[in-house]
file query_6.tsv (TSV, C-alpha atoms)
chain	number	residue	atom	x	y	z
A	1	MET	CA	12.80	-10.28	-12.07
A	2	PRO	CA	14.55	-12.11	-14.95
A	3	SER	CA	17.44	-9.66	-14.55
A	4	ALA	CA	17.48	-10.30	-10.81
A	5	ASP	CA	17.51	-14.06	-11.37
A	6	LYS	CA	20.50	-13.73	-13.68
A	7	ALA	CA	22.35	-11.59	-11.13
A	8	VAL	CA	21.76	-14.19	-8.43
A	9	ALA	CA	22.96	-16.93	-10.80
A	10	LYS	CA	26.22	-14.99	-11.17
A	11	GLY	CA	26.65	-14.95	-7.40
A	12	VAL	CA	25.59	-11.33	-6.82
A	13	HIS	CA	23.70	-10.65	-3.59
A	14	ILE	CA	20.66	-8.43	-4.15
A	15	HIS	CA	19.33	-6.02	-1.53
A	16	HIS	CA	15.58	-6.11	-2.25
A	17	LEU	CA	14.24	-2.62	-1.71
A	18	ASN	CA	11.76	-3.03	-4.55
A	19	ILE	CA	8.82	-4.72	-2.84
A	20	GLY	CA	6.90	-4.26	0.40
A	21	GLN	CA	7.80	-7.63	1.87
A	22	PRO	CA	8.57	-7.06	5.56
A	23	ASP	CA	11.30	-9.13	7.19
A	24	ILE	CA	9.63	-8.83	10.60
A	25	GLU	CA	8.59	-12.20	12.01
A	26	SER	CA	4.88	-12.96	11.83
A	27	PRO	CA	3.21	-13.14	15.26
A	28	GLN	CA	3.47	-16.47	17.04
A	29	GLU	CA	-0.27	-16.27	17.68
A	30	PHE	CA	-0.82	-16.87	13.95
A	31	TRP	CA	1.32	-20.01	13.89
A	32	ASN	CA	-0.24	-21.33	17.10
A	33	ALA	CA	-3.74	-21.00	15.67
A	34	VAL	CA	-2.77	-22.82	12.48
A	35	GLU	CA	-0.94	-25.59	14.35
A	36	HIS	CA	-3.83	-26.19	16.73
A	37	SER	CA	-6.68	-25.69	14.27
A	38	GLY	CA	-7.89	-29.27	14.70
A	39	LEU	CA	-9.04	-29.31	11.09
A	40	LYS	CA	-9.29	-32.69	9.38
A	41	VAL	CA	-10.75	-31.39	6.11
A	42	LEU	CA	-9.80	-27.99	4.67
A	43	GLU	CA	-13.26	-26.89	3.58
A	44	TYR	CA	-14.56	-23.81	1.83
A	45	SER	CA	-15.39	-21.03	4.22
A	46	HIS	CA	-18.46	-18.83	3.84
A	47	SER	CA	-17.99	-16.61	0.79
A	48	ALA	CA	-18.01	-13.54	3.04
A	49	GLY	CA	-15.47	-15.11	5.35
A	50	GLN	CA	-15.71	-17.02	8.62
A	51	PRO	CA	-18.18	-15.28	10.95
A	52	ALA	CA	-15.79	-15.58	13.90
A	53	LEU	CA	-13.11	-13.66	12.02
A	54	ARG	CA	-15.53	-11.02	10.75
A	55	LYS	CA	-16.80	-10.47	14.28
A	56	ARG	CA	-13.28	-10.19	15.68
A	57	VAL	CA	-12.24	-7.73	12.96
A	58	ALA	CA	-15.30	-5.57	13.61
A	59	GLU	CA	-14.48	-5.64	17.32
A	60	HIS	CA	-10.95	-4.42	16.53
A	61	TYR	CA	-12.29	-1.62	14.35
A	62	ARG	CA	-14.65	-0.48	17.09
A	63	SER	CA	-11.74	-0.42	19.54
A	64	ILE	CA	-9.99	2.19	17.37
A	65	GLY	CA	-13.08	4.31	16.75
A	66	ILE	CA	-14.46	2.74	13.56
A	67	ASP	CA	-18.03	1.81	14.49
A	68	VAL	CA	-19.15	-1.00	12.19
A	69	ASP	CA	-21.13	-4.21	12.53
A	70	TRP	CA	-19.52	-7.52	11.66
A	71	SER	CA	-22.06	-8.02	8.86
A	72	GLN	CA	-20.46	-5.01	7.13
A	73	VAL	CA	-17.03	-6.70	6.97
A	74	LEU	CA	-16.24	-8.88	3.95
A	75	VAL	CA	-13.15	-11.12	4.17
A	76	CYS	CA	-11.21	-10.98	0.90
A	77	THR	CA	-8.18	-12.63	-0.61
A	78	ALA	CA	-5.97	-9.78	0.63
A	79	GLY	CA	-6.43	-6.05	0.14
A	80	SER	CA	-5.93	-6.47	-3.59
A	81	GLU	CA	-9.16	-8.40	-3.96
A	82	ALA	CA	-10.92	-5.97	-1.65
A	83	LEU	CA	-10.06	-3.09	-3.97
A	84	SER	CA	-10.93	-5.11	-7.06
A	85	PHE	CA	-14.34	-5.95	-5.60
A	86	ALA	CA	-14.88	-2.28	-4.75
A	87	PHE	CA	-14.14	-1.14	-8.30
A	88	LEU	CA	-16.21	-3.90	-9.90
A	89	SER	CA	-19.15	-3.21	-7.57
A	90	ILE	CA	-19.50	0.54	-8.16
A	91	MET	CA	-18.13	1.17	-11.64
A	92	ASN	CA	-19.60	0.71	-15.09
A	93	PRO	CA	-17.46	0.64	-18.24
A	94	GLY	CA	-16.04	4.10	-18.88
A	95	ASP	CA	-16.46	5.36	-15.32
A	96	GLU	CA	-13.65	7.32	-13.69
A	97	VAL	CA	-11.91	7.34	-10.32
A	98	ILE	CA	-9.71	10.24	-9.22
A	99	VAL	CA	-6.45	9.09	-7.59
A	100	PRO	CA	-3.45	11.09	-6.34
A	101	GLU	CA	-0.24	10.06	-8.08
A	102	PRO	CA	2.33	8.62	-7.59
A	103	LEU	CA	-0.02	5.75	-6.73
A	104	TYR	CA	0.13	2.07	-5.87
A	105	ALA	CA	0.83	0.54	-9.26
A	106	ASN	CA	-1.82	-2.19	-8.98
A	107	TYR	CA	-4.59	0.41	-8.85
A	108	LEU	CA	-4.02	0.76	-12.58
A	109	GLY	CA	-4.65	-2.93	-13.17
A	110	PHE	CA	-7.64	-3.13	-10.83
A	111	THR	CA	-9.28	-0.16	-12.56
A	112	ARG	CA	-8.68	-1.45	-16.06
A	113	ALA	CA	-10.05	-4.86	-15.09
A	114	ALA	CA	-13.28	-3.02	-14.23
A	115	ASP	CA	-13.13	-1.28	-17.64
A	116	ALA	CA	-12.83	2.02	-15.83
A	117	THR	CA	-10.26	4.84	-15.95
A	118	ILE	CA	-7.97	6.45	-13.41
A	119	VAL	CA	-7.91	10.23	-13.54
A	120	PRO	CA	-4.63	11.19	-11.83
A	121	ILE	CA	-4.00	14.24	-9.72
A	122	THR	CA	-0.26	14.73	-9.43
A	123	THR	CA	1.51	15.34	-6.11
A	124	ARG	CA	5.07	16.59	-6.03
A	125	ILE	CA	8.18	15.66	-4.09
A	126	GLU	CA	8.87	19.39	-3.50
A	127	ASP	CA	5.58	19.57	-1.55
A	128	GLY	CA	6.21	16.36	0.38
A	129	PHE	CA	3.64	14.64	-1.87
A	130	ALA	CA	0.89	16.45	0.05
A	131	LEU	CA	-2.63	16.30	-1.33
A	132	PRO	CA	-3.46	19.23	-3.62
A	133	ALA	CA	-6.26	21.59	-2.63
A	134	VAL	CA	-9.75	20.15	-2.88
A	135	GLU	CA	-10.40	22.60	-5.72
A	136	GLU	CA	-7.87	20.67	-7.82
A	137	PHE	CA	-9.82	17.48	-7.21
A	138	GLU	CA	-13.06	19.22	-8.17
A	139	LYS	CA	-11.60	20.35	-11.49
A	140	ARG	CA	-11.28	16.67	-12.44
A	141	VAL	CA	-14.84	15.71	-11.58
A	142	THR	CA	-16.92	14.87	-14.67
A	143	SER	CA	-20.23	13.16	-15.37
A	144	ARG	CA	-18.32	9.85	-15.41
A	145	THR	CA	-16.58	10.30	-12.06
A	146	LYS	CA	-17.68	7.62	-9.64
A	147	ALA	CA	-15.15	7.80	-6.80
A	148	ILE	CA	-12.04	9.30	-5.25
A	149	LEU	CA	-9.43	6.83	-4.02
A	150	VAL	CA	-6.74	7.61	-1.45
A	151	CYS	CA	-4.12	5.45	0.23
A	152	ASN	CA	-3.48	6.59	3.80
A	153	PRO	CA	-0.68	6.22	4.86
A	154	ASN	CA	0.40	6.31	1.29
A	155	ASN	CA	2.13	3.72	-0.82
A	156	PRO	CA	4.50	4.71	-2.49
A	157	THR	CA	5.23	8.08	-0.84
A	158	GLY	CA	4.85	7.46	2.91
A	159	THR	CA	2.63	10.55	3.19
A	160	VAL	CA	-0.04	10.72	5.90
A	161	TYR	CA	-3.14	12.80	5.15
A	162	SER	CA	-4.49	15.20	7.74
A	163	ASP	CA	-8.02	15.46	9.12
A	164	ASP	CA	-8.50	18.74	7.24
A	165	GLN	CA	-7.55	17.12	3.93
A	166	LEU	CA	-9.94	14.23	4.54
A	167	GLU	CA	-12.69	16.68	5.54
A	168	GLY	CA	-12.23	18.50	2.23
A	169	LEU	CA	-12.63	15.26	0.32
A	170	ARG	CA	-15.67	14.38	2.45
A	171	GLU	CA	-17.42	17.57	1.43
A	172	LEU	CA	-16.50	17.05	-2.22
A	173	VAL	CA	-17.86	13.50	-2.47
A	174	ILE	CA	-21.11	14.58	-0.80
A	175	LYS	CA	-21.44	17.55	-3.16
A	176	HIS	CA	-20.96	15.43	-6.28
A	177	ASP	CA	-22.56	12.19	-5.05
A	178	LEU	CA	-19.35	10.14	-5.23
A	179	TYR	CA	-17.76	7.32	-3.25
A	180	LEU	CA	-14.65	7.85	-1.14
A	181	ILE	CA	-12.49	4.72	-1.19
A	182	ALA	CA	-9.58	4.44	1.22
A	183	ASP	CA	-6.76	1.91	1.15
A	184	GLU	CA	-5.82	1.84	4.85
A	185	VAL	CA	-3.59	-1.23	4.97
A	186	TYR	CA	-0.68	0.76	6.47
A	187	ARG	CA	-2.70	2.25	9.35
A	188	GLU	CA	-0.36	0.82	12.02
A	189	PHE	CA	2.72	2.23	10.27
A	190	ASN	CA	2.08	5.78	11.43
A	191	TYR	CA	4.98	7.86	12.76
A	192	THR	CA	3.17	11.18	13.27
A	193	GLY	CA	2.23	10.63	16.92
A	194	LYS	CA	-1.41	11.37	16.02
A	195	PRO	CA	-4.15	8.83	15.18
A	196	ILE	CA	-4.98	8.39	11.52
A	197	ARG	CA	-8.63	9.00	10.76
A	198	SER	CA	-10.42	6.34	8.75
A	199	VAL	CA	-12.86	7.35	6.02
A	200	LEU	CA	-15.41	5.31	7.97
A	201	GLU	CA	-15.12	7.87	10.78
A	202	LEU	CA	-16.11	10.80	8.56
A	203	PRO	CA	-19.70	11.92	9.26
A	204	GLY	CA	-22.16	11.98	6.41
A	205	LEU	CA	-20.44	9.25	4.41
A	206	GLU	CA	-22.48	6.31	5.69
A	207	ASP	CA	-23.41	5.29	2.14
A	208	ARG	CA	-20.29	6.66	0.43
A	209	ALA	CA	-17.23	5.45	2.37
A	210	ILE	CA	-15.48	2.20	1.43
A	211	MET	CA	-12.41	0.96	3.29
A	212	ALA	CA	-9.92	-1.71	2.18
A	213	ASP	CA	-7.64	-3.31	4.77
A	214	SER	CA	-5.20	-6.22	4.96
A	215	VAL	CA	-3.16	-8.31	7.38
A	216	SER	CA	-0.22	-8.50	4.96
A	217	LYS	CA	1.68	-5.57	6.44
A	218	ARG	CA	0.13	-5.25	9.88
A	219	PHE	CA	1.03	-8.80	10.91
A	220	SER	CA	3.81	-9.37	8.37
A	221	LEU	CA	1.61	-11.97	6.69
A	222	CYS	CA	1.94	-11.11	3.01
A	223	GLY	CA	1.60	-14.75	1.98
A	224	ALA	CA	-1.58	-15.35	3.94
A	225	ARG	CA	-3.63	-13.29	1.46
A	226	ILE	CA	-6.31	-12.12	3.86
A	227	GLY	CA	-7.88	-8.68	3.63
A	228	PHE	CA	-11.12	-6.91	4.48
A	229	LEU	CA	-13.60	-4.75	2.60
A	230	THR	CA	-15.82	-2.69	4.88
A	231	SER	CA	-18.70	-0.31	4.18
A	232	ARG	CA	-22.00	0.67	5.79
A	233	ASN	CA	-23.67	0.80	2.37
A	234	ALA	CA	-25.91	-2.29	2.28
A	235	GLU	CA	-26.41	-2.15	-1.50
A	236	PHE	CA	-22.65	-1.97	-2.07
A	237	ASN	CA	-22.02	-4.84	0.34
A	238	ALA	CA	-24.58	-7.00	-1.46
A	239	ALA	CA	-22.90	-6.31	-4.80
A	240	ALA	CA	-19.44	-7.08	-3.43
A	241	LEU	CA	-20.73	-10.33	-1.94
A	242	LYS	CA	-21.76	-11.49	-5.42
A	243	PHE	CA	-18.14	-11.22	-6.57
A	244	ALA	CA	-17.08	-13.03	-3.39
A	245	GLN	CA	-19.52	-15.84	-4.17
A	246	ALA	CA	-18.17	-16.08	-7.71
A	247	ARG	CA	-14.72	-16.93	-6.34
A	248	LEU	CA	-16.29	-19.21	-3.69
A	249	SER	CA	-14.27	-18.34	-0.59
A	250	PRO	CA	-11.18	-16.68	0.84
A	251	PRO	CA	-8.43	-19.03	2.13
A	252	THR	CA	-9.74	-21.11	5.02
A	253	LEU	CA	-6.57	-22.07	6.92
A	254	GLU	CA	-5.23	-18.52	6.71
A	255	GLN	CA	-8.46	-17.21	8.23
A	256	VAL	CA	-7.92	-19.56	11.17
A	257	GLY	CA	-4.42	-18.19	11.59
A	258	VAL	CA	-5.49	-14.56	11.28
A	259	LEU	CA	-8.17	-15.05	13.91
A	260	GLY	CA	-5.36	-16.13	16.21
A	261	ALA	CA	-3.17	-13.24	15.09
A	262	MET	CA	-5.89	-10.79	16.13
A	263	GLU	CA	-4.87	-11.59	19.72
A	264	THR	CA	-1.31	-10.37	19.18
A	265	PRO	CA	-0.37	-8.13	22.16
A	266	PRO	CA	0.10	-4.39	21.54
A	267	VAL	CA	3.82	-4.58	22.33
A	268	TYR	CA	4.34	-6.40	19.02
A	269	PHE	CA	3.13	-3.35	17.08
A	270	GLU	CA	5.02	-0.94	19.32
A	271	ASN	CA	8.26	-2.77	18.63
A	272	VAL	CA	7.55	-2.96	14.91
A	273	ARG	CA	6.82	0.77	14.74
A	274	ARG	CA	10.06	1.65	16.52
A	275	GLU	CA	12.01	-0.65	14.21
A	276	TYR	CA	10.57	0.93	11.07
A	277	MET	CA	11.17	4.45	12.36
A	278	ALA	CA	14.84	3.57	12.87
A	279	ARG	CA	15.02	2.13	9.36
A	280	ARG	CA	13.31	5.19	7.92
A	281	ASP	CA	15.67	7.58	9.67
A	282	LEU	CA	18.74	5.68	8.48
A	283	LEU	CA	17.49	5.42	4.90
A	284	ILE	CA	16.56	9.08	4.58
A	285	SER	CA	19.79	10.32	6.14
A	286	ARG	CA	21.86	8.17	3.78
A	287	LEU	CA	19.86	9.16	0.70
A	288	ARG	CA	20.01	12.87	1.47
A	289	ALA	CA	23.78	12.63	1.91
A	290	MET	CA	24.13	11.45	-1.70
A	291	ASP	CA	24.90	14.18	-4.23
A	292	GLY	CA	21.84	15.14	-6.24
A	293	VAL	CA	19.38	12.81	-4.50
A	294	ALA	CA	16.09	14.22	-3.14
A	295	CYS	CA	13.84	12.52	-0.61
A	296	ALA	CA	10.74	14.01	1.00
A	297	ASP	CA	9.83	13.49	4.65
A	298	VAL	CA	8.16	10.14	5.32
A	299	HIS	CA	5.46	9.91	8.01
A	300	GLY	CA	3.93	6.48	7.42
A	301	ALA	CA	4.00	3.10	5.67
A	302	PHE	CA	7.53	1.85	4.83
A	303	TYR	CA	8.33	3.44	1.50
A	304	ALA	CA	10.06	6.52	0.19
A	305	MET	CA	9.65	7.95	-3.30
A	306	VAL	CA	13.13	9.18	-4.18
A	307	ARG	CA	14.39	11.44	-6.98
A	308	PHE	CA	17.75	10.49	-8.50
A	309	PRO	CA	20.13	12.52	-10.72
A	310	ILE	CA	19.83	10.09	-13.62
A	311	ASP	CA	18.40	9.93	-17.12
A	312	ASP	CA	15.85	7.14	-16.67
A	313	THR	CA	15.10	5.01	-13.61
A	314	ASP	CA	13.80	2.09	-15.68
A	315	ARG	CA	17.19	1.92	-17.35
A	316	PHE	CA	19.01	2.59	-14.07
A	317	CYS	CA	17.18	-0.17	-12.19
A	318	GLN	CA	17.93	-2.69	-14.93
A	319	TRP	CA	21.57	-1.58	-15.09
A	320	LEU	CA	21.88	-2.14	-11.33
A	321	LEU	CA	20.94	-5.78	-11.82
A	322	GLU	CA	22.63	-6.55	-15.12
A	323	GLU	CA	25.85	-4.54	-15.15
A	324	PHE	CA	26.71	-3.31	-11.66
A	325	SER	CA	27.91	-4.82	-8.43
A	326	HIS	CA	29.73	-3.44	-5.41
A	327	ASN	CA	31.64	-5.96	-3.33
A	328	GLY	CA	29.49	-8.67	-4.89
A	329	GLN	CA	26.25	-6.86	-4.06
A	330	THR	CA	23.66	-4.70	-5.78
A	331	VAL	CA	20.27	-3.13	-5.14
A	332	MET	CA	16.84	-3.75	-6.61
A	333	LEU	CA	14.50	-0.73	-6.72
A	334	ALA	CA	11.02	-0.13	-8.16
A	335	PRO	CA	11.17	2.36	-11.08
A	336	GLY	CA	9.02	5.43	-10.59
A	337	THR	CA	7.25	5.28	-13.94
A	338	GLY	CA	5.09	2.38	-12.76
A	339	PHE	CA	3.56	4.57	-10.05
A	340	TYR	CA	2.24	7.26	-12.40
A	341	GLU	CA	-0.67	7.30	-14.82
A	342	THR	CA	0.46	10.57	-16.41
A	343	PRO	CA	2.85	9.72	-19.27
A	344	GLY	CA	6.44	10.84	-18.76
A	345	LEU	CA	6.31	11.28	-14.99
A	346	GLY	CA	8.48	9.30	-12.59
A	347	ARG	CA	11.41	8.86	-14.98
A	348	ASP	CA	13.84	10.26	-12.40
A	349	GLU	CA	12.17	8.63	-9.37
A	350	ALA	CA	12.13	5.21	-7.75
A	351	ARG	CA	10.28	3.74	-4.81
A	352	VAL	CA	12.52	2.44	-2.05
A	353	ALA	CA	11.01	0.03	0.49
A	354	TYR	CA	12.83	0.04	3.84
A	355	VAL	CA	11.82	-3.51	4.70
A	356	LEU	CA	15.34	-4.69	5.57
A	357	ASN	CA	17.03	-4.31	8.93
A	358	CYS	CA	19.34	-1.36	9.53
A	359	ASP	CA	22.55	-3.28	8.83
A	360	ARG	CA	21.21	-4.43	5.48
A	361	ILE	CA	19.87	-0.97	4.64
A	362	ALA	CA	23.34	0.43	5.34
A	363	GLY	CA	24.85	-2.13	2.96
A	364	ALA	CA	22.24	-1.33	0.33
A	365	MET	CA	22.97	2.39	0.60
A	366	ASP	CA	26.70	1.71	0.20
A	367	CYS	CA	25.87	-0.07	-3.07
A	368	LEU	CA	23.52	2.65	-4.26
A	369	GLU	CA	25.98	5.43	-3.48
A	370	ALA	CA	28.72	3.62	-5.38
A	371	ALA	CA	26.38	2.96	-8.30
A	372	LEU	CA	25.38	6.60	-8.69
A	373	LYS	CA	29.04	7.58	-9.01
A	374	VAL	CA	29.62	5.33	-12.02
A	375	TYR	CA	26.23	5.06	-13.72
A	376	PRO	CA	26.67	6.10	-17.39
A	377	GLY	CA	23.34	7.90	-17.46
A	378	ARG	CA	23.96	10.19	-14.51
A	379	LEU	CA	22.95	13.73	-15.35
A	380	ALA	CA	26.04	15.80	-16.02
A	381	HIS	CA	24.75	19.02	-14.44
A	382	VAL	CA	24.13	17.43	-11.03
call {"tool": "encode", "arguments": {"input": "query_6.tsv", "output": "structure tokens"}}
result
Amino acid sequence: MPSADKAVAKGVHIHHLNIGQPDIESPQEFWNAVEHSGLKVLEYSHSAGQPALRKRVAEHYRSIGIDVDWSQVLVCTAGSEALSFAFLSIMNPGDEVIVPEPLYANYLGFTRAADATIVPITTRIEDGFALPAVEEFEKRVTSRTKAILVCNPNNPTGTVYSDDQLEGLRELVIKHDLYLIADEVYREFNYTGKPIRSVLELPGLEDRAIMADSVSKRFSLCGARIGFLTSRNAEFNAAALKFAQARLSPPTLEQVGVLGAMETPPVYFENVRREYMARRDLLISRLRAMDGVACADVHGAFYAMVRFPIDDTDRFCQWLLEEFSHNGQTVMLAPGTGFYETPGLGRDEARVAYVLNCDRIAGAMDCLEAALKVYPGRLAHV
């Protein structure tokens, strides 16, 4: 960010493809609820969240096949806190969680804050970042393994996991008495034409499945910081509530707004999905037309993990901001190394977030294509 600030100070326009900040307008129903809240004092809410919101969220889950009671829904300060509470509630110092990589970079921080360890299982761009066979997961199970964590649809790869893959993980966690944690914040960003199965729909996991969710992406409300942690495990829920009580409450006014946003008509999501599919198609076609660039198919979320013909993406991303511009513009990407736990991986990859409209994506790809032609660290054999 300091490099980006300096570029802006020099008058360079930056195309931000580095962060999952949608440019889609938040639903009007959110703003209406905030404007007409009638609140005179902005009080603490219940530590578990406002009952009205918890009930409405549970109702939504039931409408899509996730049968939970509202008492099993904990309102959190976004999905980040939901995952942090999950790790802190089930893990002791030294415990392990198996996570496919590349992974959402903040999982590393959440796990370390719980004094636990991520055990990565590497997925590959050549395989479309598909989950490895369940036998590969089992090889990583030890006496310290406490959970398996998946993000579905996946950030940063855009991969969507099939029912068969989830069934394999279901059997594994039952066999080894583990938890299965799912980050499902991108559920609505699904381009497969088939419903995505929640871990809370998998039979036999009543005491083992934990689901984190958020309104940040679904309603384009990243700044509201409202998420949900849901499980049918009463002991787990009681432990998570203790952490919720320690931070007092999730944001009150934002909960009012999100309760209103829950009434957003389905056409909003249909339009958003079509828009992101158009952005995805444009981005992938432009990237694949660039010499030496590799990009797997993307079936969900709004990211692509891209391989570039360069020496080091950390250096490349900094060079883009500090030394390069094309017609007064440049591009900001997220270096791939931050999405891997295994040392040395991701050095030729970067995550690209297609959160800009198609015209701006086209401009960003013009910049990126020009940059790759003149970058000093481009690999000579490509």
call {"tool": "atom_distance", "arguments": {"input": "query_6.tsv", "atom1": "atom CA of Asp366 of chain A", "atom2": "atom CA of Gly328 of chain A"}}
result
11.9 Å
call {"tool": "closest_residue", "arguments": {"input": "query_6.tsv", "among": "A:Leu178, A:Ala294, A:Ala371, A:Ala301", "to": "Asn327 of chain A", "atoms": "only C-alpha atoms"}}
result
A:Ala371
call {"tool": "residues_around", "arguments": {"input": "query_6.tsv", "residues": "Glu369 of chain A", "least_positions_apart": "5", "cutoff": "9 Å", "atoms": "only C-alpha atoms", "output": "MDAnalysis selection string"}}
result
chainID A and resid 286:287 290:291 364
call {"tool": "atom_distance", "arguments": {"input": "query_6.tsv", "atom1": "atom CA of Met211 of chain A", "atom2": "atom CA of Ser231 of chain A"}}
result
6.5 Å
call {"tool": "closest_residue", "arguments": {"input": "query_6.tsv", "among": "A:Ala289, A:Ala304, A:Leu42, A:Ala240", "to": "Met91 of chain A", "atoms": "only C-alpha atoms"}}
result
A:Ala240
call {"tool": "closest_residue", "arguments": {"input": "query_6.tsv", "among": "A:Ala209, A:Phe308, A:Pro335, A:Ile19", "to": "Lys373 of chain A", "atoms": "all atoms listed in the file"}}
result
A:Phe308
call {"tool": "atom_distance", "arguments": {"input": "query_6.tsv", "atom1": "atom CA of Asp281 of chain A", "atom2": "atom CA of Glu25 of chain A"}}
result
21.1 Å
call {"tool": "residues_around", "arguments": {"input": "query_6.tsv", "residues": "Ala58 of chain A", "least_positions_apart": "4", "cutoff": "8 Å", "atoms": "only C-alpha atoms", "output": "list in words"}}
result
Arg54, Arg62, Asp67, Val68, Asp69, Trp70 and Val73 of chain A
call {"tool": "axis_aligned_box", "arguments": {"input": "query_6.tsv", "around": "segment 51-56 of chain A", "padding_each_side": "6 Å", "output": "lines of an AutoDock Vina configuration file"}}
result
center_x = -15.6
center_y = -12.9
center_z = 13.2
size_x = 17.1
size_y = 17.4
size_z = 16.9
call {"tool": "closest_atom_pairs", "arguments": {"input": "query_6.tsv", "of": "segment 165-271 of chain A", "to": "segment 120-136 of chain A", "cutoff": "9 Å", "atoms": "all atoms listed in the file", "output": "Markdown table"}}
result
| residue | atom | partner | partner_atom | distance |
| --- | --- | --- | --- | --- |
| A:Gln165 | CA | A:Leu131 | CA | 7.2 |
| A:Gly168 | CA | A:Val134 | CA | 5.9 |
| A:Leu169 | CA | A:Val134 | CA | 6.5 |
| A:Leu172 | CA | A:Val134 | CA | 7.5 |
call {"tool": "residues_around", "arguments": {"input": "query_6.tsv", "residues": "Ile226 of chain A", "least_positions_apart": "3", "cutoff": "8 Å", "atoms": "all atoms listed in the file", "output": "mmCIF file with C-alpha atoms, in the coordinates of the input"}}
result
data_model
loop_
_atom_site.group_PDB
_atom_site.id
_atom_site.type_symbol
_atom_site.label_atom_id
_atom_site.label_comp_id
_atom_site.auth_asym_id
_atom_site.auth_seq_id
_atom_site.Cartn_x
_atom_site.Cartn_y
_atom_site.Cartn_z
ATOM 1 C CA VAL A 75 -13.150 -11.120 4.170
ATOM 2 C CA CYS A 76 -11.210 -10.980 0.900
ATOM 3 C CA THR A 77 -8.180 -12.630 -0.610
ATOM 4 C CA ALA A 78 -5.970 -9.780 0.630
ATOM 5 C CA GLY A 79 -6.430 -6.050 0.140
ATOM 6 C CA SER A 214 -5.200 -6.220 4.960
ATOM 7 C CA VAL A 215 -3.160 -8.310 7.380
ATOM 8 C CA SER A 216 -0.220 -8.500 4.960
ATOM 9 C CA PRO A 250 -11.180 -16.680 0.840
ATOM 10 C CA PRO A 251 -8.430 -19.030 2.130
ATOM 11 C CA GLU A 254 -5.230 -18.520 6.710
ATOM 12 C CA GLN A 255 -8.460 -17.210 8.230
ATOM 13 C CA VAL A 258 -5.490 -14.560 11.280
#
call {"tool": "residues_around", "arguments": {"input": "query_6.tsv", "residues": "Gly260 of chain A", "least_positions_apart": "4", "cutoff": "7 Å", "atoms": "all atoms listed in the file", "output": "PyMOL selection string"}}
result
chain A and resi 29-30+33+256
call {"tool": "closest_residue", "arguments": {"input": "query_6.tsv", "among": "A:Glu263, A:Asp213, A:Asp164, A:Asp177", "to": "Ala82 of chain A", "atoms": "only C-alpha atoms"}}
result
A:Asp213
call {"tool": "closest_residue", "arguments": {"input": "query_6.tsv", "among": "A:Ala113, A:Leu321, A:Met365, A:Cys358", "to": "Asp5 of chain A", "atoms": "all atoms listed in the file"}}
result
A:Leu321
call {"tool": "closest_residue", "arguments": {"input": "query_6.tsv", "among": "A:Arg360, A:Lys146, A:Arg378, A:Arg347", "to": "Ser89 of chain A", "atoms": "all atoms listed in the file"}}
result
A:Lys146
call {"tool": "residues_near_point", "arguments": {"input": "query_6.tsv", "point": "(4.7, 7.1, 4.0)", "cutoff": "9 Å", "atoms": "only C-alpha atoms", "output": "list in words"}}
result
Asn152, Pro153, Asn154, Asn155, Pro156, Thr157, Gly158, Thr159, Val160, Tyr186, Phe189, Asn190, Tyr191, Asp297, Val298, His299, Gly300, Ala301, Phe302, Tyr303, Ala304 and Met305 of chain A
call {"tool": "residues_around", "arguments": {"input": "query_6.tsv", "residues": "Ile181 of chain A", "least_positions_apart": "6", "cutoff": "7 Å", "atoms": "only C-alpha atoms", "output": "PyMOL selection string"}}
result
chain A and resi 147-150+209-211
call {"tool": "residues_near_point", "arguments": {"input": "query_6.tsv", "point": "(-16.9, 5.4, -10.2)", "cutoff": "9 Å", "atoms": "only C-alpha atoms", "output": "tab-separated table (two decimals) with C-alpha atoms, keeping the file's coordinate frame"}}
result
chain	number	residue	atom	x	y	z
A	87	PHE	CA	-14.14	-1.14	-8.30
A	90	ILE	CA	-19.50	0.54	-8.16
A	91	MET	CA	-18.13	1.17	-11.64
A	92	ASN	CA	-19.60	0.71	-15.09
A	94	GLY	CA	-16.04	4.10	-18.88
A	95	ASP	CA	-16.46	5.36	-15.32
A	96	GLU	CA	-13.65	7.32	-13.69
A	97	VAL	CA	-11.91	7.34	-10.32
A	98	ILE	CA	-9.71	10.24	-9.22
A	116	ALA	CA	-12.83	2.02	-15.83
A	117	THR	CA	-10.26	4.84	-15.95
A	144	ARG	CA	-18.32	9.85	-15.41
A	145	THR	CA	-16.58	10.30	-12.06
A	146	LYS	CA	-17.68	7.62	-9.64
A	147	ALA	CA	-15.15	7.80	-6.80
A	148	ILE	CA	-12.04	9.30	-5.25
A	178	LEU	CA	-19.35	10.14	-5.23
A	179	TYR	CA	-17.76	7.32	-3.25
